[in-house]
Each structure stands twice: as structure tokens, then as C-alpha cells.
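Undergrad: My structure file model_38.cif, mmCIF, C-alpha atoms, is below:
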```cif
data_work
#
loop_
_atom_site.label_atom_id
_atom_site.label_comp_id
_atom_site.auth_asym_id
_atom_site.auth_seq_id
_atom_site.Cartn_x
_atom_site.Cartn_y
_atom_site.Cartn_z
CA MET A 1 78.26 16.22 -63.90
CA ARG A 2 79.51 13.03 -62.30
CA VAL A 3 77.14 11.11 -60.02
CA VAL A 4 78.55 9.91 -56.70
CA TYR A 5 76.79 6.98 -55.03
CA VAL A 6 76.92 7.25 -51.23
CA ASP A 7 76.71 3.49 -50.70
CA THR A 8 79.63 2.90 -53.08
CA LEU A 9 81.63 5.63 -51.35
CA PHE A 10 80.89 4.15 -47.92
CA PHE A 11 81.66 0.51 -48.68
CA LEU A 12 84.76 1.42 -50.70
CA ASN A 13 86.19 3.39 -47.78
CA LEU A 14 85.14 0.65 -45.35
CA ALA A 15 87.07 -1.96 -47.33
CA VAL A 16 90.09 0.29 -47.78
CA ASP A 17 90.25 1.34 -44.11
CA TYR A 18 89.88 -2.24 -42.89
CA PHE A 19 92.63 -3.41 -45.25
CA LEU A 20 94.94 -0.60 -44.13
CA LEU A 21 94.33 -1.32 -40.43
CA VAL A 22 95.04 -5.03 -40.90
CA LEU A 23 98.15 -4.20 -42.91
CA THR A 24 99.33 -1.75 -40.23
CA ALA A 25 98.97 -4.38 -37.51
CA LYS A 26 100.81 -6.95 -39.61
CA VAL A 27 103.68 -4.60 -40.49
CA ALA A 28 104.00 -3.60 -36.82
CA GLY A 29 103.84 -7.22 -35.67
CA VAL A 30 100.96 -6.69 -33.24
CA TYR A 31 97.70 -8.51 -32.63
CA ILE A 32 94.45 -6.54 -32.66
CA LYS A 33 91.03 -8.20 -32.64
CA ARG A 34 89.54 -8.15 -36.12
CA SER A 35 86.20 -7.03 -34.65
CA ARG A 36 87.88 -3.89 -33.31
CA LEU A 37 89.58 -3.23 -36.63
CA LEU A 38 86.24 -3.59 -38.43
CA ALA A 39 84.52 -1.22 -35.98
CA SER A 40 87.31 1.32 -36.49
CA ALA A 41 87.00 0.96 -40.27
CA LEU A 42 83.27 1.67 -39.93
CA VAL A 43 84.10 4.89 -38.08
CA GLY A 44 86.57 5.89 -40.79
CA ALA A 45 84.11 5.12 -43.59
CA LEU A 46 81.32 7.16 -41.98
CA LEU A 47 83.63 10.11 -41.44
CA ALA A 48 84.89 9.86 -45.03
CA VAL A 49 81.34 10.06 -46.37
CA LEU A 50 80.59 13.10 -44.21
CA LEU A 51 83.83 14.75 -45.27
CA TYR A 52 83.22 14.20 -48.98
CA PHE A 53 80.31 16.66 -49.06
CA PRO A 54 80.38 19.62 -49.61
CA PRO A 55 83.59 20.97 -51.26
CA LEU A 56 85.96 22.67 -48.82
CA PRO A 57 89.08 24.83 -49.15
CA LYS A 58 92.11 22.65 -49.85
CA ALA A 59 93.97 23.51 -46.63
CA LEU A 60 90.93 22.83 -44.44
CA ALA A 61 90.10 19.65 -46.38
CA LEU A 62 93.64 18.35 -45.88
CA LEU A 63 93.54 18.99 -42.14
CA LEU A 64 90.15 17.34 -41.80
CA ARG A 65 91.27 14.33 -43.86
CA LEU A 66 94.30 13.93 -41.63
CA ALA A 67 92.04 14.17 -38.60
CA VAL A 68 89.79 11.40 -39.99
CA CYS A 69 92.86 9.24 -40.59
CA CYS A 70 94.03 9.80 -37.01
CA VAL A 71 90.60 9.09 -35.51
CA THR A 72 90.37 5.82 -37.46
CA ALA A 73 93.81 4.68 -36.33
CA LEU A 74 93.31 5.72 -32.71
CA ALA A 75 89.97 3.92 -32.56
CA ALA A 76 91.81 0.75 -33.57
CA PHE A 77 95.02 1.01 -31.57
CA ILE A 78 94.85 3.36 -28.58
CA GLY A 79 94.28 1.77 -25.20
CA GLU A 80 95.62 -1.64 -26.22
CA PRO A 81 98.10 -2.76 -23.51
CA GLY A 82 101.71 -3.08 -24.57
CA LYS A 83 101.22 -1.32 -27.91
CA SER A 84 102.93 1.90 -29.01
CA TRP A 85 99.99 3.68 -30.63
CA PRO A 86 102.03 6.68 -31.89
CA ARG A 87 104.14 4.24 -33.93
CA LEU A 88 101.03 2.44 -35.17
CA LEU A 89 99.45 5.77 -36.09
CA GLY A 90 102.54 6.72 -38.11
CA ILE A 91 102.53 3.40 -39.99
CA PHE A 92 98.81 3.75 -40.72
CA VAL A 93 99.28 7.23 -42.18
CA MET A 94 102.18 6.02 -44.34
CA VAL A 95 100.35 3.01 -45.78
CA THR A 96 97.27 5.20 -46.35
CA LEU A 97 99.30 7.64 -48.43
CA LEU A 98 100.97 4.76 -50.26
CA LEU A 99 97.66 3.13 -51.19
CA ALA A 100 96.11 6.45 -52.22
CA GLY A 101 98.98 7.13 -54.61
CA ILE A 102 98.89 3.64 -56.15
CA VAL A 103 95.12 3.54 -56.62
CA LEU A 104 95.02 7.07 -57.98
CA GLY A 105 97.77 6.25 -60.46
CA LEU A 106 96.08 3.08 -61.67
CA SER A 107 92.62 4.62 -61.90
CA GLU A 108 93.88 7.72 -63.75
CA LEU A 109 94.84 5.42 -66.57
CA GLY A 110 91.15 4.83 -67.08
CA GLY A 111 89.96 8.26 -65.93
CA GLY A 112 87.80 6.85 -63.16
CA ALA A 113 89.20 8.61 -60.10
CA ARG A 114 87.92 11.66 -58.30
CA MET A 115 89.27 13.28 -55.15
CA GLN A 116 87.30 15.71 -53.06
CA ASN A 117 88.27 16.98 -49.62
CA GLY A 118 91.03 14.39 -49.51
CA VAL A 119 88.56 11.50 -49.96
CA LEU A 120 88.98 9.36 -53.05
CA TYR A 121 86.01 8.06 -55.00
CA PHE A 122 86.78 5.44 -57.62
CA GLU A 123 84.78 4.29 -60.54
CA ILE A 124 87.10 1.36 -61.09
CA SER A 125 86.76 -2.35 -61.37
CA GLY A 126 87.33 -4.83 -58.59
CA THR A 127 90.38 -6.07 -60.49
CA VAL A 128 92.09 -2.69 -60.30
CA MET A 129 91.28 -2.42 -56.60
CA ALA A 130 92.65 -5.92 -55.93
CA LEU A 131 95.84 -5.09 -57.84
CA SER A 132 96.16 -1.91 -55.79
CA PHE A 133 95.83 -3.82 -52.52
CA MET A 134 98.45 -6.32 -53.65
CA ALA A 135 100.81 -3.55 -54.70
CA VAL A 136 100.54 -1.64 -51.42
CA TYR A 137 101.01 -4.87 -49.48
CA VAL A 138 104.27 -5.62 -51.27
CA LEU A 139 105.54 -2.04 -51.30
CA SER A 140 104.76 -1.58 -47.61
CA GLY A 141 107.08 -4.45 -46.82
CA LEU A 142 109.81 -2.86 -48.93
CA VAL A 143 109.34 0.71 -47.70
CA LEU A 144 108.57 0.04 -44.04
CA GLY A 145 110.49 -3.20 -43.66
CA LYS A 146 109.20 -6.49 -42.36
CA GLY A 147 109.81 -5.45 -38.76
CA ARG A 148 108.38 -7.78 -36.22
CA ALA A 149 106.01 -9.29 -38.71
CA SER A 150 108.69 -11.46 -40.23
CA PRO A 151 107.16 -14.55 -41.84
CA GLY A 152 109.93 -16.65 -40.31
CA ARG A 153 108.30 -16.24 -36.92
CA SER A 154 105.21 -18.19 -35.91
CA TYR A 155 102.67 -16.76 -33.49
CA GLN A 156 99.88 -18.52 -31.62
CA GLU A 157 96.86 -17.07 -29.85
CA VAL A 158 96.51 -18.58 -26.36
CA THR A 159 93.49 -18.36 -24.05
CA ALA A 160 93.60 -19.61 -20.46
CA GLU A 161 90.56 -20.04 -18.22
CA MET A 162 90.11 -20.43 -14.49
CA GLY A 163 86.47 -20.61 -13.46
CA LYS A 164 84.67 -17.66 -15.02
CA ARG A 165 87.87 -15.71 -15.58
CA SER A 166 89.90 -15.85 -18.78
CA VAL A 167 92.93 -14.14 -20.31
CA ARG A 168 94.19 -14.07 -23.85
CA PHE A 169 97.76 -13.50 -24.94
CA ARG A 170 100.00 -14.04 -27.91
CA ALA A 171 102.84 -16.58 -27.84
CA LEU A 172 105.88 -16.84 -30.07
CA THR A 173 106.70 -20.37 -31.18
CA ASP A 174 110.29 -21.02 -30.12
CA SER A 175 112.02 -24.24 -31.09
CA GLY A 176 114.49 -23.60 -28.27
CA ASN A 177 111.80 -23.96 -25.61
CA LEU A 178 112.16 -27.62 -24.66
CA LEU A 179 110.66 -27.36 -21.17
CA ARG A 180 108.56 -30.34 -20.14
CA ASP A 181 106.87 -31.34 -16.93
CA PRO A 182 108.75 -34.54 -15.96
CA MET A 183 105.67 -36.08 -14.32
CA SER A 184 103.04 -35.53 -17.01
CA GLY A 185 105.24 -34.84 -20.05
CA ARG A 186 103.24 -31.69 -20.83
CA LYS A 187 105.02 -28.87 -22.64
CA VAL A 188 105.49 -25.54 -20.88
CA ILE A 189 104.39 -22.19 -22.24
CA VAL A 190 106.52 -19.56 -20.53
CA VAL A 191 104.31 -16.51 -20.00
CA GLU A 192 104.77 -13.22 -18.21
CA SER A 193 103.16 -13.54 -14.79
CA ARG A 194 101.49 -10.14 -15.22
CA ALA A 195 99.67 -11.44 -18.30
CA ILE A 196 97.83 -14.14 -16.35
CA ALA A 197 97.23 -12.13 -13.15
CA PRO A 198 93.57 -11.41 -14.15
CA LEU A 199 92.85 -15.16 -13.87
CA PHE A 200 92.95 -14.96 -10.08
CA ASP A 201 91.60 -13.03 -7.13
CA SER A 202 93.04 -9.64 -6.26
CA MET A 203 95.50 -10.96 -3.64
CA THR A 204 96.96 -13.58 -5.98
CA GLY A 205 96.96 -11.09 -8.85
CA GLU A 206 98.97 -8.54 -6.86
CA LEU A 207 101.47 -11.24 -5.96
CA LEU A 208 101.85 -12.22 -9.61
CA GLN A 209 102.46 -8.59 -10.52
CA SER A 210 105.56 -8.57 -8.32
CA LEU A 211 106.72 -12.14 -8.85
CA ASP A 212 110.15 -11.05 -10.11
CA ALA A 213 111.04 -9.71 -6.65
CA LEU A 214 110.62 -13.11 -5.00
CA ALA A 215 112.69 -16.27 -4.99
CA PRO A 216 110.80 -19.20 -6.61
CA GLU A 217 110.45 -21.05 -3.30
CA THR A 218 109.09 -17.95 -1.56
CA ALA A 219 106.75 -17.18 -4.44
CA LEU A 220 105.34 -20.72 -4.36
CA GLU A 221 104.74 -20.55 -0.63
CA GLN A 222 102.90 -17.25 -0.85
CA LEU A 223 100.85 -18.33 -3.87
CA ARG A 224 99.65 -21.42 -2.07
CA ARG A 225 98.60 -19.29 0.88
CA CYS A 226 96.38 -17.22 -1.45
CA GLY A 227 94.24 -20.08 -2.69
CA ASN A 228 93.91 -23.68 -3.78
CA THR A 229 95.37 -23.37 -7.29
CA PRO A 230 97.93 -26.17 -7.70
CA PHE A 231 101.13 -24.20 -8.32
CA TRP A 232 104.36 -26.14 -8.22
CA LEU A 233 108.04 -25.71 -9.06
CA LEU A 234 109.64 -27.02 -12.22
CA PRO A 235 113.41 -27.27 -12.82
CA ALA A 236 114.31 -25.16 -15.84
CA ARG A 237 117.62 -24.91 -17.67
CA THR A 238 118.52 -21.67 -19.45
CA ALA A 239 121.56 -20.75 -21.50
CA ALA A 240 123.11 -19.20 -18.39
CA GLN A 241 122.09 -21.39 -15.49
CA ASN A 242 119.72 -23.88 -13.96
CA ALA A 243 116.73 -22.42 -12.14
CA LEU A 244 113.31 -23.17 -10.70
CA MET A 245 110.12 -21.92 -12.34
CA VAL A 246 106.66 -21.59 -10.83
CA VAL A 247 104.17 -23.41 -13.04
CA PHE A 248 100.48 -24.28 -12.97
CA ARG A 249 97.85 -25.86 -15.16
CA PRO A 250 94.79 -23.72 -15.96
CA GLU A 251 91.39 -25.37 -15.97
CA LYS A 252 91.13 -24.85 -19.73
CA LEU A 253 93.74 -23.83 -22.28
CA TYR A 254 93.01 -22.97 -25.90
CA ILE A 255 95.57 -22.47 -28.66
CA ASN A 256 94.17 -20.79 -31.76
CA GLY A 257 90.70 -21.67 -30.49
CA ASN A 258 91.43 -25.38 -29.99
CA LEU A 259 91.22 -26.91 -26.52
CA ARG A 260 94.60 -28.37 -25.58
CA GLU A 261 95.55 -30.72 -22.76
CA ASP A 262 99.26 -31.03 -23.51
CA TYR A 263 100.45 -27.66 -22.15
CA ILE A 264 100.94 -26.02 -18.76
CA LEU A 265 101.96 -22.44 -17.99
CA GLY A 266 105.33 -21.43 -16.56
CA LEU A 267 105.51 -18.00 -14.95
CA ALA A 268 108.19 -15.47 -15.89
CA GLY A 269 108.31 -12.66 -13.36
CA ARG A 270 109.96 -10.21 -15.75
CA GLN A 271 108.89 -8.97 -19.15
CA LEU A 272 109.97 -11.30 -21.93
CA GLU A 273 112.13 -9.55 -24.53
CA ILE A 274 110.33 -11.01 -27.52
CA GLY A 275 109.19 -8.02 -29.55
CA GLY A 276 105.81 -7.15 -30.96
CA ASP A 277 102.99 -7.79 -28.51
CA CYS A 278 103.92 -11.35 -27.57
CA ARG A 279 103.73 -12.16 -23.88
CA ALA A 280 104.84 -15.80 -23.98
CA LEU A 281 107.16 -18.41 -25.52
CA MET A 282 105.98 -21.88 -26.42
CA GLY A 283 107.72 -24.92 -27.86
CA VAL A 284 106.79 -26.70 -31.06
#
```
As a first step, turn the structure in this file into C-alpha cells.

TA:
Amino acid sequence: MRVVYVDTLFFLNLAVDYFLLVLTAKVAGVYIKRSRLLASALVGALLAVLLYFPPLPKALALLLRLAVCCVTALAAFIGEPGKSWPRLLGIFVMVTLLLAGIVLGLSELGGGARMQNGVLYFEISGTVMALSFMAVYVLSGLVLGKGRASPGRSYQEVTAEMGKRSVRFRALTDSGNLLRDPMSGRKVIVVESRAIAPLFDSMTGELLQSLDALAPETALEQLRRCGNTPFWLLPARTAAQNALMVVFRPEKLYINGNLREDYILGLAGRQLEIGGDCRALMGV
């Protein structure tokens, strides 16, 4: 009779679920807070331990295992703005099946694997587990494609603060963004106006939500009526034409956690067609 250690079962599933959630987000090219991914992995690990005991009919066990997989993925991805959680759920299920097959195959070579109710318990070394993680990471890129998580693209995490309010968004580094403020020389991060609406009071926020319907001069006039935030207009050249862009400087701006003084924010009224969950473009 084989002994199953609950703590080993729990921490093994915690590590596997966390790895799979991180991998899913990377393959999909989206940003999810690591704390949320860890909390979701905790949920998945607890459910896996409960599901492991006692033995169940195969059909019921398969359905319950699929339900645990869905609950884990939904806990991580549902409710996140701008993210297609059905797509993320599908990727999570696929990488889960891929990892299960690889680990089971490697561990069977040493006879250390056991599956019950769809939950795998491994009596394998850390080396085998590390090799399994590496294999599923590589194979996921081949099977699912690099998608929006292409290594040729560089992403930055941006946080803007105004008083006690703050917003966080993801920016794609774009070498073609050469916008500069001619007075200060600061570089311009072009961000969707809806993404920074929570920085302001409700009246200003509503105006930012519908900024695309207004001419830049009209938008500036109405924004200045809402409060004392120093918005101004900046000439911007695009591939198609010259235009004016509403810009402002937040009280504090952080890029990857570092306070920066060399950037201002330019407001794009429409959604930026960037891909993934990026809401802004910034120069290098």
C-alpha cells in the first residue's frame, strides 16, 4: 500500500497550478498580478487535495477534475478588464493536459507516479519536475504559438498617481513613438483616456470616457472647466497627418516600480490597437 503525504500533495499541486497560470498569462500575452495567480493556485491546490480522497468513478472523477481546473482558471482570470477569460481558460486547460502528460511519462520511467480522481501524485525528484516544467514551457510555445507574448516585444508596467488616486496599466515599448514635449523635453506615453479616468473626479472621468467624440481644443476647454489639473495640447505627427493631443503630467509616475520624472501622459480617445492587455505606447 502506497502512502500519500497530504502536505506533499498540496505543495506539489500549488507549485504546478501557479506555474501553469503564469505560463497561461505569458502565452496569452496578458498581465495578471502574481498575488492573484498565487491565490488562485492555492484554491486549485486545496480543491485537488479534497478531490484526491476518496476514490470515485472515472466519469465523475473526470468531470470533477475538469471543474477544479475551471475554478482555478476563473479565479485567476475572470473579472479582469480587457481580458478574454474564455480564451485564457482554454489555454490553461491545454497547458494543464500537456504538463500532465509530460510529467506522467517521465515519472513512469521510474514508477513514481500515481493518478487518482484525475489528480496526479508524484514520488519524483525535483530534477524530474524541473525538466517537466521546462519541457511544457517549450512545447507550449510550439503547440500554442508565441501569440502576443512574443519576446521581440517589450512591455512596461506603468503606475500614475494623482493625490490619493492611482491607476496601473501596461505599456508597449514602441521605438516609433518619438513624441516629446517641446518645452520640457519629456517623452510622451500615449495612453487610452479611459485607462486613466479613475485618476480624477467623476465629472472629469466621464469626460475622459468620451474623449474620442470631442475635438482636441474642445476637450481641453471642458477638462479645464472640471478642475485645476494642468492639461495642455501637444502637436503630434502620425503616419497619416498632423494632429493635436491632450496631455498632462501626473503628480507621480512609476515605470516598473521606479519613480520617473522624464515622462508625461498623452491621451488617446480611442482604444489603441496594440494587442494583449496593453493600454499605452511609450518610446524608448

Undergrad: Atom CA of Arg34 of chain A and atom CA of Val22 of chain A, how far apart in Å?

TA: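 We find that atom CA of Val22 of chain A and atom CA of Arg34 of chain A lie 7.9 Å from each other.
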
Undergrad: I'd like the interatomic distance between atom CA of Asp262 of chain A and atom CA of Pro198 of chain A, to a tenth of an Å.

TA: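 Separation of atom CA of Asp262 of chain A and atom CA of Pro198 of chain A: 22.5 Å.
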
Undergrad: Which residue out of A:Asn177, A:Ser184, A:Thr72, A:Asn13 has the minimum interatomic distance to Phe92 of chain A when all atoms listed in the file are used?

TA: A:Thr72

Undergrad: Restricting the calculation to all atoms listed in the file: of A:Pro57, A:Pro216, A:Gly90, A:Gly44, which residue gets closest to Thr24 of chain A?

TA: A:Gly90

Undergrad: Let me make sure I understand: among A:Met282, A:Cys226, A:Met183, A:Leu63, which one has the smallest atom-to-atom distance to Asp201 of chain A if we use all atoms listed in the file?

TA: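 Of the candidates, the smallest distance to Asp201 of chain A is held by A:Cys226.
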
Undergrad: To one decimal place in Å, what is the distance between atom CA of Ala28 of chain A and atom CA of Pro86 of chain A?

TA: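 Here the two named atoms are 11.6 Å from each other.
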
Undergrad: Need to verify the contact set: Ala215 of chain A, 12 Å, all atoms listed in the file, exclusion of same-chain residues closer than 6 positions in sequence. Can you return it as a ChimeraX atom specification?

TA: /A:221-222,233,243-246,268-269

Undergrad: Can you spit out the residues from that selection as a PDB file, in the coordinates of the input, using C-alpha atoms?

TA:
```
ATOM      1  CA  GLU A 221     104.740 -20.550  -0.630  1.00  0.00           C
ATOM      2  CA  GLN A 222     102.900 -17.250  -0.850  1.00  0.00           C
ATOM      3  CA  LEU A 233     108.040 -25.710  -9.060  1.00  0.00           C
ATOM      4  CA  ALA A 243     116.730 -22.420 -12.140  1.00  0.00           C
ATOM      5  CA  LEU A 244     113.310 -23.170 -10.700  1.00  0.00           C
ATOM      6  CA  MET A 245     110.120 -21.920 -12.340  1.00  0.00           C
ATOM      7  CA  VAL A 246     106.660 -21.590 -10.830  1.00  0.00           C
ATOM      8  CA  ALA A 268     108.190 -15.470 -15.890  1.00  0.00           C
ATOM      9  CA  GLY A 269     108.310 -12.660 -13.360  1.00  0.00           C
TER      10      GLY A 269
END
```

Undergrad: For Ala195 of chain A, which of A:Leu253, A:Cys278, A:Ile102, A:Leu50 is the closest residue, counting all atoms listed in the file?

TA: A:Cys278

Undergrad: Can you tell me, as a ChimeraX atom specification, what residues are no more than 12 Å from Ser35 of chain A when counting all atoms listed in the file, ignoring any on the same chain fewer than 6 positions away?

TA: /A:18,21-22,41-42,75-76

Undergrad: Determine, counting only C-alpha atoms, which protein, DNA and RNA residues have an atom within 10 Å of an atom of Leu259 of chain A; residues of the same chain fewer than 4 positions away are not included. Present the result as an mmCIF file with C-alpha atoms, in the frame of the given file.

TA:
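And here's part22.cif as it stands now:
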```
data_model
loop_
_atom_site.group_PDB
_atom_site.id
_atom_site.type_symbol
_atom_site.label_atom_id
_atom_site.label_comp_id
_atom_site.auth_asym_id
_atom_site.auth_seq_id
_atom_site.Cartn_x
_atom_site.Cartn_y
_atom_site.Cartn_z
ATOM 1 C CA VAL A 158 96.510 -18.580 -26.360
ATOM 2 C CA THR A 159 93.490 -18.360 -24.050
ATOM 3 C CA ALA A 160 93.600 -19.610 -20.460
ATOM 4 C CA LYS A 252 91.130 -24.850 -19.730
ATOM 5 C CA LEU A 253 93.740 -23.830 -22.280
ATOM 6 C CA TYR A 254 93.010 -22.970 -25.900
ATOM 7 C CA ILE A 255 95.570 -22.470 -28.660
#
```

Undergrad: Of the residues A:Ala45, A:Val188, A:Leu172, A:Leu20, which is the one nearest to Met94 of chain A, using all atoms listed in the file?

TA: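 Looking only at the distances to Met94 of chain A, the closest residue turns out to be A:Leu20.
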
Undergrad: Go through A:Ala171, A:Val6, A:Ile32, A:Leu272 and flag the residue nearest Val49 of chain A, using all atoms listed in the file for the distances.

TA: A:Val6

Undergrad: With a distance cut-off of 7 Å and all atoms listed in the file, select the neighbouring residues of Ala73 of chain A, excluding the residue or stretch itself and same-chain residues fewer than 4 positions from it, and output the selection as a PyMOL selection string.

TA: chain A and resi 69+77+89+92

Undergrad: Once the PyMOL selection byres ((chain A and resi 264-266) around 7) has been applied to the shown file, what residues remain in the selection, as a VMD selection string?

TA: chain A and resid 186 to 191 245 to 249 263 267 to 268

Undergrad: Give as a ChimeraX atom specification the residues that the PyMOL selection byres ((chain A and resi 47) around 12) matches when applied to the coordinates above.

TA: /A:9-10,13-14,17,40-46,48-53,64-72,117-119

Undergrad: Save out the residues we just selected, C-alpha atoms, as a short mmCIF file (atom, residue, chain, number, x, y, z; two decimals), keeping the file's coordinate frame.

TA:
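What ended up in selection12.cif:
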```cif
data_model
loop_
_atom_site.label_atom_id
_atom_site.label_comp_id
_atom_site.auth_asym_id
_atom_site.auth_seq_id
_atom_site.Cartn_x
_atom_site.Cartn_y
_atom_site.Cartn_z
CA LEU A 9 81.63 5.63 -51.35
CA PHE A 10 80.89 4.15 -47.92
CA ASN A 13 86.19 3.39 -47.78
CA LEU A 14 85.14 0.65 -45.35
CA ASP A 17 90.25 1.34 -44.11
CA SER A 40 87.31 1.32 -36.49
CA ALA A 41 87.00 0.96 -40.27
CA LEU A 42 83.27 1.67 -39.93
CA VAL A 43 84.10 4.89 -38.08
CA GLY A 44 86.57 5.89 -40.79
CA ALA A 45 84.11 5.12 -43.59
CA LEU A 46 81.32 7.16 -41.98
CA ALA A 48 84.89 9.86 -45.03
CA VAL A 49 81.34 10.06 -46.37
CA LEU A 50 80.59 13.10 -44.21
CA LEU A 51 83.83 14.75 -45.27
CA TYR A 52 83.22 14.20 -48.98
CA PHE A 53 80.31 16.66 -49.06
CA LEU A 64 90.15 17.34 -41.80
CA ARG A 65 91.27 14.33 -43.86
CA LEU A 66 94.30 13.93 -41.63
CA ALA A 67 92.04 14.17 -38.60
CA VAL A 68 89.79 11.40 -39.99
CA CYS A 69 92.86 9.24 -40.59
CA CYS A 70 94.03 9.80 -37.01
CA VAL A 71 90.60 9.09 -35.51
CA THR A 72 90.37 5.82 -37.46
CA ASN A 117 88.27 16.98 -49.62
CA GLY A 118 91.03 14.39 -49.51
CA VAL A 119 88.56 11.50 -49.96
#
```

Undergrad: Using the chain letters and residue numbers of this document, give as a list in words the residues selected by the PyMOL selection byres ((chain A and resi 194) around 8).

TA: Glu192, Ser193, Ala195, Ile196, Ala197, Gly205, Leu208, Gln209 and Gly269 of chain A

Undergrad: Could you write those residues out with C-alpha atoms, as an mmCIF file, keeping the file's coordinate frame?

TA:
```
data_model
loop_
_atom_site.group_PDB
_atom_site.id
_atom_site.type_symbol
_atom_site.label_atom_id
_atom_site.label_comp_id
_atom_site.auth_asym_id
_atom_site.auth_seq_id
_atom_site.Cartn_x
_atom_site.Cartn_y
_atom_site.Cartn_z
ATOM 1 C CA GLU A 192 104.770 -13.220 -18.210
ATOM 2 C CA SER A 193 103.160 -13.540 -14.790
ATOM 3 C CA ALA A 195 99.670 -11.440 -18.300
ATOM 4 C CA ILE A 196 97.830 -14.140 -16.350
ATOM 5 C CA ALA A 197 97.230 -12.130 -13.150
ATOM 6 C CA GLY A 205 96.960 -11.090 -8.850
ATOM 7 C CA LEU A 208 101.850 -12.220 -9.610
ATOM 8 C CA GLN A 209 102.460 -8.590 -10.520
ATOM 9 C CA GLY A 269 108.310 -12.660 -13.360
#
```
